[in-house]
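What follows is a set of notes on a single structure, which appears directly below.
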Amino acid sequence: MRRLATVAASVRQDTTVWTQAPLSGIEPAAESLFHVRIVVLDSPDLAASHTRAGQYLQLRVPDVEKPSFLAIASPPSDAASKGAFDFLVKSVAGSTAELLCGLKRGDVVELSQAMGRGFDIDQIEPAEKFPTVLIFATGSGISPIRSLIESGFNADKRSDVRLYYGARNLKRMAYQDRFKDWESSGVKIVPVLSQSDDNWTGESNYVQAAFSRAKQIYSPTGTGAGLCGQKQMTEEITSILVSDGVSSEKILKNF
């Protein structure tokens with residue numbers, strides 16, 4: 001029976017359609033994090049597979065069979081208009097991601113189609129009915145959250161949209177250059193540092209603790225949420241929101 005399961009798994013694996021594409025950009029995004037951009041203008045089917053913020057794909061580097069699963073950081077509109085995929089990649093020792101971060105512009109990698117259900121924004125529409133949207137991200141989990149924010153979910157038509165973004169320190173916090181644009185789109189950014197220095201005047205400790213401290217009164221029936229990042233954070237935030245009366249269907253995750 002186990003052999004049949006193994007064979008079935010290998011058959012499923014073989015059905016993955018791989019598309020070769022060169023890296024069009026790779027640069028540091030924060031400590032141990034890299035911006036990676038891949039343009040697939042010659043592969044419209046691959047670009048068209050990115051339909052919703054929060055999706056991911058598989059990526060293979062040369063001479064390594066094991067793929068890396070990467071959340072897509074750019075919004076689907078970038079795939080549609082520019083054929084572009086952005087990723088925020090954490091370089092982990094011994095991983096495919098580490099090999100990817102060591103490549104150069106022009107090096108060719110292989111991509112699968114975009115997959116996953118992504119964030120089901122329809123659950124928190126219309127904006128008038130869900131004026132509060134609470135977003136939580138830690139570390140490289142900000143990657144699909146960037147896609148969510150830049151895809152747009154009528155944040156400017158809601159009265160209270162907050163992003164609690166946790167990192168060890170500012171050197172490990174990617175996308176700080178995008179905060180101004182995110183704020184102008186209607187998202188209040190709340191950086192939370194778990195190992196801040198004495199000069200830091202913002203929120204400290206962990207995202208869930210910062211949220212619990214700052215939890216303003218909100219209507220649970222008019223609240224939606226989006227989460228991505230460390231497992232303990234997502235579990236604890238989900239528990240807090242559900243105990244406050246937020247419907248679990250309105251707590252969006254990308255997996």
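Order determines the names: the first chain of the structure tokens is A, the second B, and so forth; residues in each chain are numbered 1 upward, and ligands are numbered 1 upward as they are shown.
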
Enumerate as a VMD selection string all residues of range 38-247 of chain A assigned to strand (DSSP E) by DSSP on the backbone, naming them with the chain letters and numbers the document uses.
chain A and resid 38 to 39 56 to 60 68 to 71 84 to 90 108 to 111 132 to 138 160 to 167 188 to 193 203 to 204 223 to 228

Residue selection dump (N, CA and C atoms) as a short mmCIF file (atom, residue, chain, number, x, y, z; two decimals), in the first residue's frame:
data_model
loop_
_atom_site.label_atom_id
_atom_site.label_comp_id
_atom_site.auth_asym_id
_atom_site.auth_seq_id
_atom_site.Cartn_x
_atom_site.Cartn_y
_atom_site.Cartn_z
N ILE A 38 11.08 38.03 -11.22
CA ILE A 38 11.17 37.18 -12.41
C ILE A 38 10.08 37.64 -13.37
N VAL A 39 10.45 37.92 -14.61
CA VAL A 39 9.49 38.36 -15.62
C VAL A 39 9.25 37.22 -16.60
N TYR A 56 0.92 31.13 -4.16
CA TYR A 56 2.33 30.80 -4.13
C TYR A 56 2.66 29.96 -5.35
N LEU A 57 3.92 29.69 -5.57
CA LEU A 57 4.33 28.76 -6.63
C LEU A 57 5.58 28.02 -6.18
N GLN A 58 5.95 27.05 -6.98
CA GLN A 58 7.19 26.30 -6.73
C GLN A 58 8.28 26.85 -7.64
N LEU A 59 9.49 26.88 -7.13
CA LEU A 59 10.62 27.36 -7.91
C LEU A 59 11.78 26.38 -7.76
N ARG A 60 12.41 26.06 -8.90
CA ARG A 60 13.59 25.19 -8.89
C ARG A 60 14.79 25.97 -9.43
N SER A 68 11.49 24.98 -4.09
CA SER A 68 11.15 25.81 -2.95
C SER A 68 9.75 26.37 -3.18
N PHE A 69 8.92 26.38 -2.14
CA PHE A 69 7.59 26.97 -2.24
C PHE A 69 7.69 28.43 -1.82
N LEU A 70 7.30 29.35 -2.71
CA LEU A 70 7.45 30.78 -2.44
C LEU A 70 6.12 31.50 -2.60
N ALA A 71 5.75 32.27 -1.59
CA ALA A 71 4.57 33.13 -1.71
C ALA A 71 4.89 34.26 -2.68
N ALA A 84 5.15 39.99 -14.42
CA ALA A 84 6.16 40.01 -13.36
C ALA A 84 5.70 39.29 -12.10
N PHE A 85 6.62 38.57 -11.51
CA PHE A 85 6.43 37.96 -10.19
C PHE A 85 7.52 38.49 -9.26
N ASP A 86 7.14 39.04 -8.12
CA ASP A 86 8.10 39.42 -7.09
C ASP A 86 8.00 38.44 -5.94
N PHE A 87 9.14 38.18 -5.32
CA PHE A 87 9.19 37.30 -4.14
C PHE A 87 10.06 37.95 -3.08
N LEU A 88 9.74 37.66 -1.83
CA LEU A 88 10.60 38.02 -0.71
C LEU A 88 11.12 36.70 -0.16
N VAL A 89 12.40 36.47 -0.34
CA VAL A 89 12.96 35.14 -0.06
C VAL A 89 13.89 35.21 1.15
N LYS A 90 13.63 34.33 2.11
CA LYS A 90 14.49 34.22 3.28
C LYS A 90 15.58 33.20 2.98
N VAL A 108 18.89 31.39 -15.00
CA VAL A 108 17.58 30.81 -15.32
C VAL A 108 17.12 29.87 -14.22
N VAL A 109 15.86 30.03 -13.82
CA VAL A 109 15.22 29.14 -12.85
C VAL A 109 13.98 28.56 -13.50
N GLU A 110 13.32 27.65 -12.80
CA GLU A 110 12.08 27.06 -13.30
C GLU A 110 10.95 27.35 -12.33
N LEU A 111 9.80 27.71 -12.87
CA LEU A 111 8.63 28.04 -12.06
C LEU A 111 7.47 27.12 -12.40
N THR A 132 -13.74 47.45 9.71
CA THR A 132 -12.48 47.16 10.39
C THR A 132 -11.81 45.94 9.75
N VAL A 133 -10.56 46.11 9.32
CA VAL A 133 -9.77 45.00 8.81
C VAL A 133 -8.42 45.03 9.53
N LEU A 134 -8.12 43.97 10.23
CA LEU A 134 -6.89 43.84 11.02
C LEU A 134 -5.96 42.85 10.33
N ILE A 135 -4.76 43.30 9.98
CA ILE A 135 -3.82 42.46 9.23
C ILE A 135 -2.60 42.22 10.11
N PHE A 136 -2.12 40.98 10.10
CA PHE A 136 -1.00 40.59 10.96
C PHE A 136 0.04 39.84 10.12
N ALA A 137 1.30 40.24 10.27
CA ALA A 137 2.38 39.55 9.55
C ALA A 137 3.62 39.52 10.41
N THR A 138 4.39 38.44 10.30
CA THR A 138 5.69 38.37 10.95
C THR A 138 6.73 37.91 9.94
N ASP A 160 -11.12 51.61 9.77
CA ASP A 160 -10.04 51.14 10.65
C ASP A 160 -9.34 49.94 10.01
N VAL A 161 -8.25 50.22 9.29
CA VAL A 161 -7.45 49.16 8.69
C VAL A 161 -6.05 49.26 9.26
N ARG A 162 -5.61 48.21 9.95
CA ARG A 162 -4.30 48.22 10.61
C ARG A 162 -3.48 47.03 10.17
N LEU A 163 -2.18 47.25 9.98
CA LEU A 163 -1.22 46.17 9.76
C LEU A 163 -0.27 46.11 10.93
N TYR A 164 -0.33 45.04 11.70
CA TYR A 164 0.64 44.77 12.76
C TYR A 164 1.74 43.90 12.13
N TYR A 165 2.93 44.48 12.02
CA TYR A 165 4.03 43.81 11.29
C TYR A 165 5.18 43.59 12.26
N GLY A 166 5.44 42.32 12.57
CA GLY A 166 6.46 41.97 13.55
C GLY A 166 7.77 41.52 12.92
N ALA A 167 8.87 41.98 13.49
CA ALA A 167 10.21 41.53 13.09
C ALA A 167 11.12 41.65 14.30
N LYS A 188 -3.05 51.62 8.15
CA LYS A 188 -2.18 52.14 9.21
C LYS A 188 -1.14 51.08 9.56
N ILE A 189 0.14 51.44 9.49
CA ILE A 189 1.22 50.49 9.76
C ILE A 189 1.64 50.56 11.23
N VAL A 190 1.64 49.42 11.89
CA VAL A 190 2.10 49.33 13.28
C VAL A 190 3.28 48.36 13.34
N PRO A 191 4.53 48.87 13.21
CA PRO A 191 5.69 47.97 13.33
C PRO A 191 5.85 47.51 14.77
N VAL A 192 6.19 46.22 14.94
CA VAL A 192 6.37 45.65 16.27
C VAL A 192 7.72 44.92 16.29
N LEU A 193 8.62 45.35 17.18
CA LEU A 193 9.96 44.76 17.23
C LEU A 193 10.11 43.90 18.48
N GLU A 203 6.03 50.01 19.08
CA GLU A 203 5.57 48.81 19.77
C GLU A 203 6.70 47.78 19.88
N SER A 204 6.77 47.14 21.06
CA SER A 204 7.78 46.10 21.29
C SER A 204 7.10 44.79 21.66
N THR A 223 -15.91 43.10 11.43
CA THR A 223 -14.45 43.00 11.40
C THR A 223 -13.99 41.81 10.56
N GLY A 224 -12.98 42.08 9.73
CA GLY A 224 -12.29 41.02 9.00
C GLY A 224 -10.82 41.06 9.36
N ALA A 225 -10.09 40.02 9.02
CA ALA A 225 -8.67 39.97 9.34
C ALA A 225 -7.91 39.20 8.27
N GLY A 226 -6.61 39.46 8.20
CA GLY A 226 -5.72 38.71 7.32
C GLY A 226 -4.45 38.38 8.06
N LEU A 227 -3.99 37.14 7.98
CA LEU A 227 -2.83 36.69 8.75
C LEU A 227 -1.84 35.92 7.89
N CYS A 228 -0.55 36.16 8.16
CA CYS A 228 0.48 35.30 7.57
C CYS A 228 1.76 35.45 8.38
#

Please identify all polymer residues within 12 Å of Asn154 in chain A, counting only C-alpha atoms, omitting same-chain residues fewer than 3 positions from it, and present them as a PyMOL selection string.
chain A and resi 121-122+124-133+148-151+157-161+185-187

Using only C-alpha atoms, determine which residues lie at most 9 Å from range 232-241 of chain A, disregarding the query and same-chain residues fewer than 6 positions distant; provide the list as a list in words.
Phe136, Ala137, Thr138, Tyr206, Val207, Gln208, Phe211, Ser212, Pro220, Ala225, Ser247, Ser248, Ile251 and Lys253 of chain A

Could you write those residues out with N, CA and C atoms, as a PDB file, in the first residue's frame?
ATOM      1  N   PHE A 136      -2.119  40.982  10.095  1.00  0.00           N
ATOM      2  CA  PHE A 136      -0.998  40.594  10.958  1.00  0.00           C
ATOM      3  C   PHE A 136       0.038  39.838  10.124  1.00  0.00           C
ATOM      4  N   ALA A 137       1.300  40.236  10.268  1.00  0.00           N
ATOM      5  CA  ALA A 137       2.376  39.550   9.545  1.00  0.00           C
ATOM      6  C   ALA A 137       3.616  39.517  10.412  1.00  0.00           C
ATOM      7  N   THR A 138       4.389  38.444  10.298  1.00  0.00           N
ATOM      8  CA  THR A 138       5.691  38.374  10.951  1.00  0.00           C
ATOM      9  C   THR A 138       6.726  37.910   9.937  1.00  0.00           C
ATOM     10  N   TYR A 206       5.830  40.960  20.960  1.00  0.00           N
ATOM     11  CA  TYR A 206       5.321  40.227  19.802  1.00  0.00           C
ATOM     12  C   TYR A 206       4.026  40.858  19.299  1.00  0.00           C
ATOM     13  N   VAL A 207       3.699  40.545  18.059  1.00  0.00           N
ATOM     14  CA  VAL A 207       2.517  41.118  17.409  1.00  0.00           C
ATOM     15  C   VAL A 207       1.253  40.896  18.245  1.00  0.00           C
ATOM     16  N   GLN A 208       1.084  39.666  18.741  1.00  0.00           N
ATOM     17  CA  GLN A 208      -0.148  39.363  19.480  1.00  0.00           C
ATOM     18  C   GLN A 208      -0.241  40.165  20.780  1.00  0.00           C
ATOM     19  N   PHE A 211      -1.111  43.821  19.815  1.00  0.00           N
ATOM     20  CA  PHE A 211      -2.526  43.933  19.471  1.00  0.00           C
ATOM     21  C   PHE A 211      -3.395  43.904  20.726  1.00  0.00           C
ATOM     22  N   SER A 212      -3.078  43.015  21.644  1.00  0.00           N
ATOM     23  CA  SER A 212      -3.855  42.918  22.882  1.00  0.00           C
ATOM     24  C   SER A 212      -3.787  44.222  23.685  1.00  0.00           C
ATOM     25  N   PRO A 220     -17.234  43.182  16.384  1.00  0.00           N
ATOM     26  CA  PRO A 220     -16.796  41.882  15.862  1.00  0.00           C
ATOM     27  C   PRO A 220     -17.512  41.482  14.574  1.00  0.00           C
ATOM     28  N   ALA A 225     -10.094  40.018   9.018  1.00  0.00           N
ATOM     29  CA  ALA A 225      -8.666  39.972   9.343  1.00  0.00           C
ATOM     30  C   ALA A 225      -7.911  39.196   8.274  1.00  0.00           C
ATOM     31  N   SER A 247     -16.079  36.254  13.283  1.00  0.00           N
ATOM     32  CA  SER A 247     -16.343  34.983  12.611  1.00  0.00           C
ATOM     33  C   SER A 247     -15.057  34.421  12.028  1.00  0.00           C
ATOM     34  N   SER A 248     -14.815  33.130  12.229  1.00  0.00           N
ATOM     35  CA  SER A 248     -13.593  32.503  11.700  1.00  0.00           C
ATOM     36  C   SER A 248     -13.544  32.583  10.178  1.00  0.00           C
ATOM     37  N   ILE A 251     -11.579  35.565   8.988  1.00  0.00           N
ATOM     38  CA  ILE A 251     -10.156  35.609   9.293  1.00  0.00           C
ATOM     39  C   ILE A 251      -9.432  34.925   8.143  1.00  0.00           C
ATOM     40  N   LYS A 253      -6.636  33.528   5.636  1.00  0.00           N
ATOM     41  CA  LYS A 253      -5.272  32.994   5.559  1.00  0.00           C
ATOM     42  C   LYS A 253      -5.050  32.551   4.117  1.00  0.00           C
TER      43      LYS A 253
END

Straight-line distance linking CA of Arg146 in chain A with CA of Glu31 in chain A, stated in Å to one decimal:
18.0 Å

Long-range neighbours of range 32-36 of chain A as an MDAnalysis selection string, 10 Å cut-off, only C-alpha atoms, 4 positions minimum in chain:
chainID A and resid 23:28 73 85:92 97:98 100:105 139:140 143 171:175

Atoms to include: C-alpha atoms. Write the selected residues as a PDB file, in the first residue's frame.
ATOM      1  CA  LEU A  23      15.958  36.327 -12.946  1.00  0.00           C
ATOM      2  CA  SER A  24      15.389  39.972 -13.834  1.00  0.00           C
ATOM      3  CA  GLY A  25      16.411  41.304 -10.448  1.00  0.00           C
ATOM      4  CA  ILE A  26      17.815  40.135  -7.116  1.00  0.00           C
ATOM      5  CA  GLU A  27      18.882  42.417  -4.275  1.00  0.00           C
ATOM      6  CA  PRO A  28      18.924  42.559  -0.467  1.00  0.00           C
ATOM      7  CA  ALA A  73       4.730  39.212  -3.102  1.00  0.00           C
ATOM      8  CA  PHE A  85       6.427  37.963 -10.189  1.00  0.00           C
ATOM      9  CA  ASP A  86       8.095  39.425  -7.091  1.00  0.00           C
ATOM     10  CA  PHE A  87       9.189  37.297  -4.139  1.00  0.00           C
ATOM     11  CA  LEU A  88      10.600  38.022  -0.713  1.00  0.00           C
ATOM     12  CA  VAL A  89      12.961  35.145  -0.059  1.00  0.00           C
ATOM     13  CA  LYS A  90      14.494  34.223   3.285  1.00  0.00           C
ATOM     14  CA  SER A  91      17.960  32.741   2.877  1.00  0.00           C
ATOM     15  CA  VAL A  92      17.972  29.627   5.056  1.00  0.00           C
ATOM     16  CA  ALA A  97      16.021  29.381  -1.103  1.00  0.00           C
ATOM     17  CA  GLU A  98      19.648  29.949  -0.064  1.00  0.00           C
ATOM     18  CA  LEU A 100      18.300  31.100  -5.159  1.00  0.00           C
ATOM     19  CA  CYS A 101      19.561  34.071  -3.142  1.00  0.00           C
ATOM     20  CA  GLY A 102      23.070  33.323  -4.402  1.00  0.00           C
ATOM     21  CA  LEU A 103      22.102  33.556  -8.078  1.00  0.00           C
ATOM     22  CA  LYS A 104      22.597  36.596 -10.313  1.00  0.00           C
ATOM     23  CA  ARG A 105      20.430  38.555 -12.709  1.00  0.00           C
ATOM     24  CA  GLY A 139       9.057  38.059   9.197  1.00  0.00           C
ATOM     25  CA  SER A 140       8.881  36.967   5.570  1.00  0.00           C
ATOM     26  CA  SER A 143       5.351  38.809   1.374  1.00  0.00           C
ATOM     27  CA  LYS A 171      17.248  45.653  10.014  1.00  0.00           C
ATOM     28  CA  ARG A 172      15.070  42.538   9.550  1.00  0.00           C
ATOM     29  CA  MET A 173      11.959  44.449   8.463  1.00  0.00           C
ATOM     30  CA  ALA A 174      11.453  44.388   4.689  1.00  0.00           C
ATOM     31  CA  TYR A 175       9.360  46.831   2.645  1.00  0.00           C
TER      32      TYR A 175
END

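We find CA of Phe179 in chain A and CA of Val242 in chain A to be spaced 28.4 Å apart.
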